$ cat input33.tsv   # TSV, C-alpha atoms
chain	number	residue	atom	x	y	z
A	1	LYS	CA	-108.64	-235.50	-70.11
A	2	SER	CA	-112.03	-235.67	-71.81
A	3	TRP	CA	-113.86	-237.80	-74.29
A	4	THR	CA	-116.29	-236.67	-76.95
A	5	GLY	CA	-119.22	-238.64	-78.28
A	6	THR	CA	-121.97	-238.09	-80.88
A	7	ILE	CA	-125.43	-239.54	-81.28
A	8	ARG	CA	-127.21	-239.32	-84.64
A	9	PHE	CA	-130.84	-240.15	-85.25
A	10	LYS	CA	-133.79	-239.04	-87.35
A	11	GLN	CA	-136.28	-236.68	-85.78
A	12	ASN	CA	-139.36	-235.65	-87.74
A	13	GLY	CA	-137.66	-236.97	-90.88
A	14	ARG	CA	-134.53	-234.93	-90.37
A	15	ASP	CA	-131.07	-236.10	-89.25
A	16	THR	CA	-130.27	-234.83	-85.76
A	17	THR	CA	-126.87	-235.02	-84.06
A	18	PHE	CA	-126.10	-234.52	-80.40
A	19	ARG	CA	-122.53	-234.02	-79.25
A	20	VAL	CA	-121.30	-234.47	-75.70
A	21	THR	CA	-117.92	-233.81	-74.07
A	22	VAL	CA	-117.26	-235.58	-70.76
A	23	PRO	CA	-114.23	-234.78	-68.59
A	24	TYR	CA	-112.40	-237.51	-66.69
A	25	THR	CA	-109.29	-237.80	-64.51
A	26	VAL	CA	-106.35	-240.06	-65.32
A	27	THR	CA	-104.79	-241.49	-62.16
A	28	LYS	CA	-101.45	-243.21	-61.90
A	29	PRO	CA	-101.66	-246.89	-60.87
A	30	VAL	CA	-100.68	-247.31	-57.22
A	31	MET	CA	-98.10	-249.93	-56.26
A	32	GLN	CA	-98.65	-252.05	-53.19
A	33	ILE	CA	-95.44	-253.58	-51.86
A	34	GLN	CA	-95.52	-256.34	-49.29
A	35	SER	CA	-92.54	-257.90	-47.57
A	36	ALA	CA	-91.52	-259.41	-44.25
A	37	SER	CA	-89.22	-256.40	-43.79
A	38	VAL	CA	-90.36	-253.73	-46.23
A	39	GLN	CA	-88.89	-250.72	-44.43
A	40	ALA	CA	-85.32	-251.87	-45.01
A	41	LEU	CA	-83.58	-254.67	-46.85
A	42	TYR	CA	-80.70	-256.83	-45.65
A	43	PHE	CA	-77.33	-256.58	-47.40
A	44	LYS	CA	-76.39	-259.52	-49.68
A	45	CYS	CA	-79.58	-261.41	-48.76
A	46	GLY	CA	-82.59	-262.58	-50.74
A	47	ASN	CA	-85.22	-260.01	-49.80
A	48	LYS	CA	-88.50	-261.24	-51.26
A	49	LEU	CA	-91.08	-258.62	-52.24
A	50	SER	CA	-94.58	-258.79	-53.65
A	51	VAL	CA	-95.32	-255.77	-55.85
A	52	GLN	CA	-98.97	-255.54	-56.91
A	53	VAL	CA	-100.96	-252.92	-58.86
A	54	PRO	CA	-104.63	-253.86	-58.35
A	55	ALA	CA	-105.92	-251.19	-60.77
A	56	LEU	CA	-104.33	-253.01	-63.73
A	57	GLY	CA	-106.02	-256.33	-63.04
A	58	ALA	CA	-105.21	-259.04	-65.57
A	59	GLN	CA	-103.18	-256.57	-67.65
A	60	TYR	CA	-100.53	-256.44	-64.94
A	61	GLN	CA	-97.41	-258.17	-66.24
A	62	PRO	CA	-94.60	-256.25	-64.55
A	63	SER	CA	-90.91	-256.00	-65.29
A	64	PHE	CA	-88.40	-254.96	-62.62
A	65	SER	CA	-85.07	-253.19	-62.51
A	66	ALA	CA	-83.06	-251.87	-59.60
A	67	SER	CA	-80.05	-249.76	-58.75
A	68	GLY	CA	-77.92	-250.99	-55.88
A	69	ALA	CA	-79.18	-254.58	-56.10
A	70	SER	CA	-79.48	-257.57	-58.38
A	71	VAL	CA	-83.02	-258.58	-59.34
A	72	ILE	CA	-84.48	-262.10	-59.43
A	73	LYS	CA	-88.00	-262.30	-60.83
A	74	GLY	CA	-90.33	-264.68	-58.99
A	75	ALA	CA	-92.55	-267.42	-60.36
A	76	LYS	CA	-95.78	-265.58	-59.56
A	77	THR	CA	-96.92	-262.24	-60.98
A	78	GLY	CA	-95.46	-259.38	-58.98
A	79	GLU	CA	-92.97	-261.44	-57.00
A	80	VAL	CA	-89.35	-260.27	-57.04
A	81	THR	CA	-86.24	-260.90	-54.95
A	82	LEU	CA	-83.72	-258.12	-54.37
A	83	VAL	CA	-80.13	-258.89	-53.37
A	84	PRO	CA	-78.64	-255.54	-52.26
A	85	ASN	CA	-75.00	-254.71	-52.91
A	86	SER	CA	-75.07	-251.09	-51.66
A	87	ARG	CA	-76.48	-249.07	-48.76
A	88	GLU	CA	-79.55	-247.96	-50.71
A	89	VAL	CA	-81.68	-249.71	-53.32
A	90	THR	CA	-84.19	-248.20	-55.74
A	91	LEU	CA	-86.64	-250.62	-57.32
A	92	SER	CA	-88.33	-249.51	-60.56
A	93	VAL	CA	-91.48	-251.17	-61.88
A	94	SER	CA	-92.90	-250.97	-65.39
A	95	ASN	CA	-95.75	-252.66	-67.20
A	96	GLY	CA	-95.86	-253.13	-70.95
A	97	GLY	CA	-93.05	-250.63	-71.35
A	98	ASN	CA	-94.84	-247.98	-69.28
A	99	ALA	CA	-93.27	-246.87	-66.01
A	100	ILE	CA	-95.46	-247.57	-62.98
A	101	GLY	CA	-93.27	-246.18	-60.22
A	102	SER	CA	-90.25	-246.71	-58.04
A	103	GLN	CA	-89.51	-247.32	-54.38
A	104	THR	CA	-86.30	-246.63	-52.47
A	105	PHE	CA	-85.19	-248.86	-49.60
A	106	GLN	CA	-82.47	-248.47	-47.01
A	107	VAL	CA	-80.20	-251.47	-46.57
A	108	ARG	CA	-79.33	-252.96	-43.18
A	109	PRO	CA	-76.06	-254.77	-42.45
A	110	ILE	CA	-76.47	-258.42	-41.50
A	111	PRO	CA	-76.39	-258.74	-37.70
A	112	LYS	CA	-73.62	-261.00	-36.47
A	113	PRO	CA	-74.54	-264.31	-34.86
A	114	GLU	CA	-73.99	-265.11	-31.20
A	115	ILE	CA	-71.52	-267.93	-30.55
A	116	LYS	CA	-72.37	-270.37	-27.76
A	117	CYS	CA	-70.21	-273.13	-26.33
A	118	ILE	CA	-72.21	-276.27	-25.51
A	119	VAL	CA	-70.68	-279.01	-23.33
A	120	GLY	CA	-72.53	-282.01	-21.99
A	121	GLY	CA	-75.73	-280.72	-23.57
A	122	ARG	CA	-75.56	-277.40	-21.69
A	123	GLU	CA	-74.00	-274.02	-22.22
A	124	ALA	CA	-70.52	-273.82	-20.67
A	125	ASN	CA	-70.34	-271.78	-17.47
A	126	GLU	CA	-67.46	-269.30	-17.72
A	127	LYS	CA	-68.13	-267.77	-14.30
A	128	GLN	CA	-68.64	-270.73	-12.00
A	129	GLY	CA	-66.77	-273.31	-14.07
A	130	THR	CA	-67.68	-276.53	-15.82
A	131	PRO	CA	-66.99	-280.13	-14.70
A	132	VAL	CA	-64.05	-281.67	-16.55
A	133	THR	CA	-66.08	-284.67	-17.68
A	134	ALA	CA	-68.71	-282.42	-19.29
A	135	VAL	CA	-66.28	-281.10	-21.90
A	136	ARG	CA	-65.71	-284.52	-23.48
A	137	ASN	CA	-68.20	-283.59	-26.19
A	138	MET	CA	-68.13	-279.94	-27.20
A	139	GLN	CA	-70.06	-278.00	-29.80
A	140	LEU	CA	-69.85	-274.37	-30.84
A	141	ARG	CA	-73.13	-273.03	-32.17
A	142	ALA	CA	-73.64	-269.84	-34.17
A	143	ILE	CA	-77.06	-268.47	-33.24
A	144	PRO	CA	-78.53	-265.88	-35.66
A	145	ASP	CA	-80.16	-262.65	-34.54
A	146	ALA	CA	-83.81	-263.47	-33.77
A	147	GLY	CA	-85.31	-260.70	-35.91
A	148	PHE	CA	-83.08	-261.48	-38.87
A	149	ALA	CA	-83.86	-265.19	-38.67
A	150	THR	CA	-87.59	-264.41	-38.58
A	151	PHE	CA	-87.48	-262.18	-41.67
A	152	LEU	CA	-85.01	-264.21	-43.73
A	153	PRO	CA	-84.61	-267.75	-42.36
A	154	GLU	CA	-82.94	-269.01	-45.56
A	155	ASP	CA	-80.20	-266.38	-45.16
A	156	ALA	CA	-79.68	-266.97	-41.43
A	157	ARG	CA	-77.96	-270.36	-41.57
A	158	TYR	CA	-74.68	-270.15	-39.68
A	159	ARG	CA	-72.02	-272.71	-38.84
A	160	VAL	CA	-68.81	-272.50	-36.84
A	161	THR	CA	-66.26	-274.07	-39.18
A	162	ARG	CA	-62.97	-273.69	-37.30
A	163	TYR	CA	-61.76	-272.94	-33.77
A	164	ASP	CA	-58.71	-273.53	-31.55
A	165	ILE	CA	-58.76	-275.21	-28.13
A	166	THR	CA	-55.96	-274.93	-25.56
A	167	LEU	CA	-55.83	-276.60	-22.15
A	168	VAL	CA	-54.19	-274.07	-19.84
A	169	ARG	CA	-52.61	-274.85	-16.47
A	170	GLY	CA	-51.66	-271.76	-14.53
A	171	LYS	CA	-50.16	-269.43	-17.09
A	172	ARG	CA	-48.93	-272.06	-19.56
A	173	PRO	CA	-50.52	-274.51	-21.99
A	174	ALA	CA	-50.80	-278.02	-20.58
A	175	MET	CA	-51.28	-279.52	-24.03
A	176	PRO	CA	-50.59	-278.38	-27.60
A	177	THR	CA	-53.36	-276.25	-29.11
A	178	ARG	CA	-55.84	-278.27	-31.14
A	179	THR	CA	-57.57	-276.90	-34.22
A	180	ILE	CA	-61.13	-278.15	-34.70
A	181	ASN	CA	-62.67	-278.10	-38.16
A	182	GLY	CA	-66.45	-278.04	-37.86
A	183	PRO	CA	-68.69	-277.25	-34.89
A	184	GLU	CA	-68.20	-280.47	-32.89
A	185	ALA	CA	-65.14	-281.74	-31.01
A	186	ASN	CA	-64.33	-284.89	-29.06
A	187	LEU	CA	-62.10	-283.83	-26.17
A	188	SER	CA	-61.44	-287.19	-24.54
A	189	ASP	CA	-57.70	-286.46	-24.52
A	190	VAL	CA	-58.34	-283.17	-22.68
A	191	VAL	CA	-60.56	-284.91	-20.11
A	192	ASN	CA	-57.86	-287.52	-19.46
A	193	SER	CA	-55.14	-284.91	-18.99
A	194	ALA	CA	-57.00	-282.09	-17.24
A	195	ARG	CA	-56.78	-281.32	-13.54
A	196	GLU	CA	-59.06	-279.34	-11.31
A	197	GLY	CA	-58.16	-275.67	-11.65
A	198	ASP	CA	-57.16	-275.95	-15.31
A	199	ARG	CA	-59.09	-273.97	-17.88
A	200	LEU	CA	-60.04	-274.31	-21.50
A	201	TYR	CA	-59.24	-271.38	-23.75
A	202	ILE	CA	-61.25	-271.45	-26.97
A	203	GLU	CA	-60.81	-269.02	-29.83
A	204	VAL	CA	-63.21	-268.96	-32.78
A	205	LYS	CA	-61.32	-268.72	-36.06
A	206	GLU	CA	-64.00	-269.04	-38.75
A	207	VAL	CA	-67.77	-268.83	-39.05
A	208	GLN	CA	-69.70	-269.26	-42.30
A	209	ARG	CA	-73.16	-268.22	-43.42
A	210	MET	CA	-75.19	-270.02	-46.07
A	211	ASN	CA	-77.52	-267.79	-48.10
A	212	PHE	CA	-80.86	-268.45	-49.80
A	213	GLN	CA	-79.09	-269.76	-52.92
A	214	GLY	CA	-77.00	-272.28	-51.00
A	215	ASN	CA	-73.78	-270.27	-51.32
A	216	THR	CA	-71.52	-269.78	-48.30
A	217	GLU	CA	-69.51	-266.79	-47.18
A	218	THR	CA	-67.14	-266.23	-44.27
A	219	VAL	CA	-68.48	-264.04	-41.47
A	220	ASN	CA	-66.14	-261.82	-39.48
A	221	VAL	CA	-66.86	-262.91	-35.91
A	222	SER	CA	-64.41	-262.56	-33.01
A	223	LYS	CA	-65.17	-264.71	-29.95
A	224	GLN	CA	-63.16	-266.33	-27.15
A	225	PHE	CA	-64.18	-268.54	-24.25
A	226	ASN	CA	-62.22	-269.03	-21.01
A	227	ILE	CA	-63.81	-271.93	-19.14
A	228	PRO	CA	-62.57	-272.96	-15.67
A	229	LEU	CA	-62.59	-276.75	-15.15
A	230	LEU	CA	-63.87	-278.22	-11.90
$ encode --input "input33.tsv" --output "structure tokens"
Amino acid sequence: KSWTGTIRFKQNGRDTTFRVTVPYTVTKPVMQIQSASVQALYFKCGNKLSVQVPALGAQYQPSFSASGASVIKGAKTGEVTLVPNSREVTLSVSNGGNAIGSQTFQVRPIPKPEIKCIVGGREANEKQGTPVTAVRNMQLRAIPDAGFATFLPEDARYRVTRYDITLVRGKRPAMPTRTINGPEANLSDVVNSAREGDRLYIEVKEVQRMNFQGNTETVNVSKQFNIPLL
């Protein structure tokens, strides 16, 4: 592009005009995207991004749209949350009706949590066995993947909501199978009936995840424990 200017003034009583043409280059504003995990987004999670265009200064009042994700505009200028619903997301940014640019992200599946069985304040020992009295109070914990929990702690809230417990003696159940709703169980009846050499067979039936909006969804997790009792 170029701009043209004129200067008029009187010289020796006569009007004189100077014209000047000055070339200049028009550059496209550059987006700067910041995120805890900007290389890839997590599926069905609230991935928070900060999209800034420093060259626009105070004129920067962006609007966002995306394919493959729902868009939640943040409270501060340039903040946006993407909730992916496909394997790839393209975020488009405009300002005052003018397109600024777009960015494509790959989408990661949510890593499954690790299920741990806690008895007597410690993790149950499936190899060497666990004292019978220690299983009186049992808790199953769903531990999120460390990296996922670091990036998106509000989306990494897991809870074991249902599991079955069977006291097994030899090859047969010594007691009817109990279904536990929630992570914690009082197994006083098992402690009173168990003998050395029995084992507890535990099968996880349901795990739920709470997302950044407070909504819960069921997570497909398969896990069994086979704990010898001493």
$ atom_distance --input "input33.tsv" --atom1 "CA of Tyr42 (chain A)" --atom2 "CA of Phe212 (chain A)"
12.3 Å
$ atom_distance --input "input33.tsv" --atom1 "CA of Thr166 (chain A)" --atom2 "CA of Tyr201 (chain A)"
5.2 Å
$ closest_residue --input "input33.tsv" --among "A:Thr179, A:Ser35, A:Asn95, A:Thr150" --to "Leu82 (chain A)" --atoms "all atoms listed in the file"
A:Ser35
$ residues_around --input "input33.tsv" --residues "Thr27 (chain A)" --least-positions-apart "4" --cutoff "12 Å" --atoms "only C-alpha atoms" --output "PyMOL selection string"
chain A and resi 1+55-56+100
$ residues_around --input "input33.tsv" --residues "Thr21 (chain A)" --least-positions-apart "6" --cutoff "12 Å" --atoms "all atoms listed in the file" --output "ChimeraX atom specification"
/A:1-7
$ closest_residue --input "input33.tsv" --among "A:Leu230, A:Ile33, A:Val53, A:Val221" --to "Lys112 (chain A)" --atoms "all atoms listed in the file"
A:Val221
$ residues_around --input "input33.tsv" --residues "Arg87 (chain A)" --least-positions-apart "4" --cutoff "12 Å" --atoms "only C-alpha atoms" --output "PyMOL selection string"
chain A and resi 40-44+67-69+83+104-110
$ closest_residue --input "input33.tsv" --among "A:Val93, A:Ile72, A:Ala66, A:Val204" --to "Arg178 (chain A)" --atoms "all atoms listed in the file"
A:Val204
$ atom_distance --input "input33.tsv" --atom1 "CA of Pro113 (chain A)" --atom2 "CA of Val89 (chain A)"
24.6 Å
$ residues_around --input "input33.tsv" --residues "Ala174 (chain A)" --least-positions-apart "5" --cutoff "12 Å" --atoms "all atoms listed in the file" --output "PyMOL selection string"
chain A and resi 165-169+189-195+197-201
$ write_last_selection --input "input33.tsv" --atoms "C-alpha atoms" --output "compact mmCIF listing (two decimals), keeping the file's coordinate frame"
# COMPACT_ATOMS: atom_id res chain seq x y z
CA ILE A 165 -58.76 -275.21 -28.13
CA THR A 166 -55.96 -274.93 -25.56
CA LEU A 167 -55.83 -276.60 -22.15
CA VAL A 168 -54.19 -274.07 -19.84
CA ARG A 169 -52.61 -274.85 -16.47
CA ASP A 189 -57.70 -286.46 -24.52
CA VAL A 190 -58.34 -283.17 -22.68
CA VAL A 191 -60.56 -284.91 -20.11
CA ASN A 192 -57.86 -287.52 -19.46
CA SER A 193 -55.14 -284.91 -18.99
CA ALA A 194 -57.00 -282.09 -17.24
CA ARG A 195 -56.78 -281.32 -13.54
CA GLY A 197 -58.16 -275.67 -11.65
CA ASP A 198 -57.16 -275.95 -15.31
CA ARG A 199 -59.09 -273.97 -17.88
CA LEU A 200 -60.04 -274.31 -21.50
CA TYR A 201 -59.24 -271.38 -23.75
$ closest_residue --input "input33.tsv" --among "A:Gln11, A:Gln224, A:Asn85, A:Gln32" --to "Ile202 (chain A)" --atoms "only C-alpha atoms"
A:Gln224
$ residues_near_point --input "input33.tsv" --point "(-99.3, -255.9, -59.1)" --cutoff "12 Å" --atoms "only C-alpha atoms" --output "PyMOL selection string"
chain A and resi 29-34+49-64+76-80+93-95+100-101
$ closest_residue --input "input33.tsv" --among "A:Gly170, A:Ser86, A:Gly214, A:Asn47" --to "Val71 (chain A)" --atoms "all atoms listed in the file"
A:Asn47
$ closest_residue --input "input33.tsv" --among "A:Cys45, A:Glu184, A:Val160, A:Asp155" --to "Gly120 (chain A)" --atoms "only C-alpha atoms"
A:Glu184
$ residues_around --input "input33.tsv" --residues "Arg141 (chain A)" --least-positions-apart "5" --cutoff "10 Å" --atoms "only C-alpha atoms" --output "PDB file with C-alpha atoms, keeping the file's coordinate frame"
ATOM      1  CA  PRO A 113     -74.540-264.310 -34.860  1.00  0.00           C
ATOM      2  CA  GLU A 114     -73.990-265.110 -31.200  1.00  0.00           C
ATOM      3  CA  ILE A 115     -71.520-267.930 -30.550  1.00  0.00           C
ATOM      4  CA  LYS A 116     -72.370-270.370 -27.760  1.00  0.00           C
ATOM      5  CA  CYS A 117     -70.210-273.130 -26.330  1.00  0.00           C
ATOM      6  CA  ILE A 118     -72.210-276.270 -25.510  1.00  0.00           C
ATOM      7  CA  TYR A 158     -74.680-270.150 -39.680  1.00  0.00           C
ATOM      8  CA  ARG A 159     -72.020-272.710 -38.840  1.00  0.00           C
ATOM      9  CA  VAL A 160     -68.810-272.500 -36.840  1.00  0.00           C
ATOM     10  CA  THR A 161     -66.260-274.070 -39.180  1.00  0.00           C
ATOM     11  CA  PRO A 183     -68.690-277.250 -34.890  1.00  0.00           C
ATOM     12  CA  GLU A 184     -68.200-280.470 -32.890  1.00  0.00           C
ATOM     13  CA  VAL A 207     -67.770-268.830 -39.050  1.00  0.00           C
TER      14      VAL A 207
END
$ decode --input "input33.tsv" --residues "region 83-97 of chain A" --atoms "N, CA and C atoms" --output "PDB file, in the first residue's frame"
ATOM      1  N   VAL A  83     -14.812 -26.656  24.528  1.00  0.00           N
ATOM      2  CA  VAL A  83     -15.226 -27.981  24.989  1.00  0.00           C
ATOM      3  C   VAL A  83     -15.341 -28.874  23.757  1.00  0.00           C
ATOM      4  N   PRO A  84     -14.286 -29.629  23.418  1.00  0.00           N
ATOM      5  CA  PRO A  84     -14.269 -30.402  22.178  1.00  0.00           C
ATOM      6  C   PRO A  84     -15.284 -31.541  22.169  1.00  0.00           C
ATOM      7  N   ASN A  85     -15.873 -31.759  20.985  1.00  0.00           N
ATOM      8  CA  ASN A  85     -16.770 -32.896  20.798  1.00  0.00           C
ATOM      9  C   ASN A  85     -16.353 -33.734  19.585  1.00  0.00           C
ATOM     10  N   SER A  86     -15.147 -33.492  19.069  1.00  0.00           N
ATOM     11  CA  SER A  86     -14.617 -34.269  17.950  1.00  0.00           C
ATOM     12  C   SER A  86     -13.107 -34.408  18.125  1.00  0.00           C
ATOM     13  N   ARG A  87     -12.461 -35.112  17.198  1.00  0.00           N
ATOM     14  CA  ARG A  87     -11.032 -35.382  17.328  1.00  0.00           C
ATOM     15  C   ARG A  87     -10.164 -34.194  16.953  1.00  0.00           C
ATOM     16  N   GLU A  88     -10.749 -33.204  16.294  1.00  0.00           N
ATOM     17  CA  GLU A  88      -9.990 -32.030  15.876  1.00  0.00           C
ATOM     18  C   GLU A  88     -10.864 -30.796  16.031  1.00  0.00           C
ATOM     19  N   VAL A  89     -10.266 -29.715  16.480  1.00  0.00           N
ATOM     20  CA  VAL A  89     -10.989 -28.462  16.709  1.00  0.00           C
ATOM     21  C   VAL A  89     -10.271 -27.336  15.985  1.00  0.00           C
ATOM     22  N   THR A  90     -11.045 -26.505  15.281  1.00  0.00           N
ATOM     23  CA  THR A  90     -10.484 -25.306  14.656  1.00  0.00           C
ATOM     24  C   THR A  90     -11.146 -24.084  15.279  1.00  0.00           C
ATOM     25  N   LEU A  91     -10.340 -23.262  15.916  1.00  0.00           N
ATOM     26  CA  LEU A  91     -10.814 -22.027  16.543  1.00  0.00           C
ATOM     27  C   LEU A  91     -10.583 -20.870  15.588  1.00  0.00           C
ATOM     28  N   SER A  92     -11.626 -20.091  15.333  1.00  0.00           N
ATOM     29  CA  SER A  92     -11.534 -18.909  14.467  1.00  0.00           C
ATOM     30  C   SER A  92     -11.757 -17.654  15.298  1.00  0.00           C
ATOM     31  N   VAL A  93     -10.926 -16.640  15.034  1.00  0.00           N
ATOM     32  CA  VAL A  93     -10.966 -15.401  15.813  1.00  0.00           C
ATOM     33  C   VAL A  93     -11.197 -14.233  14.862  1.00  0.00           C
ATOM     34  N   SER A  94     -12.124 -13.367  15.231  1.00  0.00           N
ATOM     35  CA  SER A  94     -12.362 -12.154  14.442  1.00  0.00           C
ATOM     36  C   SER A  94     -12.452 -10.970  15.391  1.00  0.00           C
ATOM     37  N   ASN A  95     -12.303  -9.776  14.806  1.00  0.00           N
ATOM     38  CA  ASN A  95     -12.339  -8.558  15.604  1.00  0.00           C
ATOM     39  C   ASN A  95     -13.075  -7.485  14.808  1.00  0.00           C
ATOM     40  N   GLY A  96     -14.179  -7.025  15.342  1.00  0.00           N
ATOM     41  CA  GLY A  96     -14.976  -6.025  14.631  1.00  0.00           C
ATOM     42  C   GLY A  96     -15.458  -6.510  13.273  1.00  0.00           C
ATOM     43  N   GLY A  97     -15.736  -7.787  13.161  1.00  0.00           N
ATOM     44  CA  GLY A  97     -16.197  -8.339  11.891  1.00  0.00           C
ATOM     45  C   GLY A  97     -15.094  -8.724  10.934  1.00  0.00           C
TER      46      GLY A  97
END
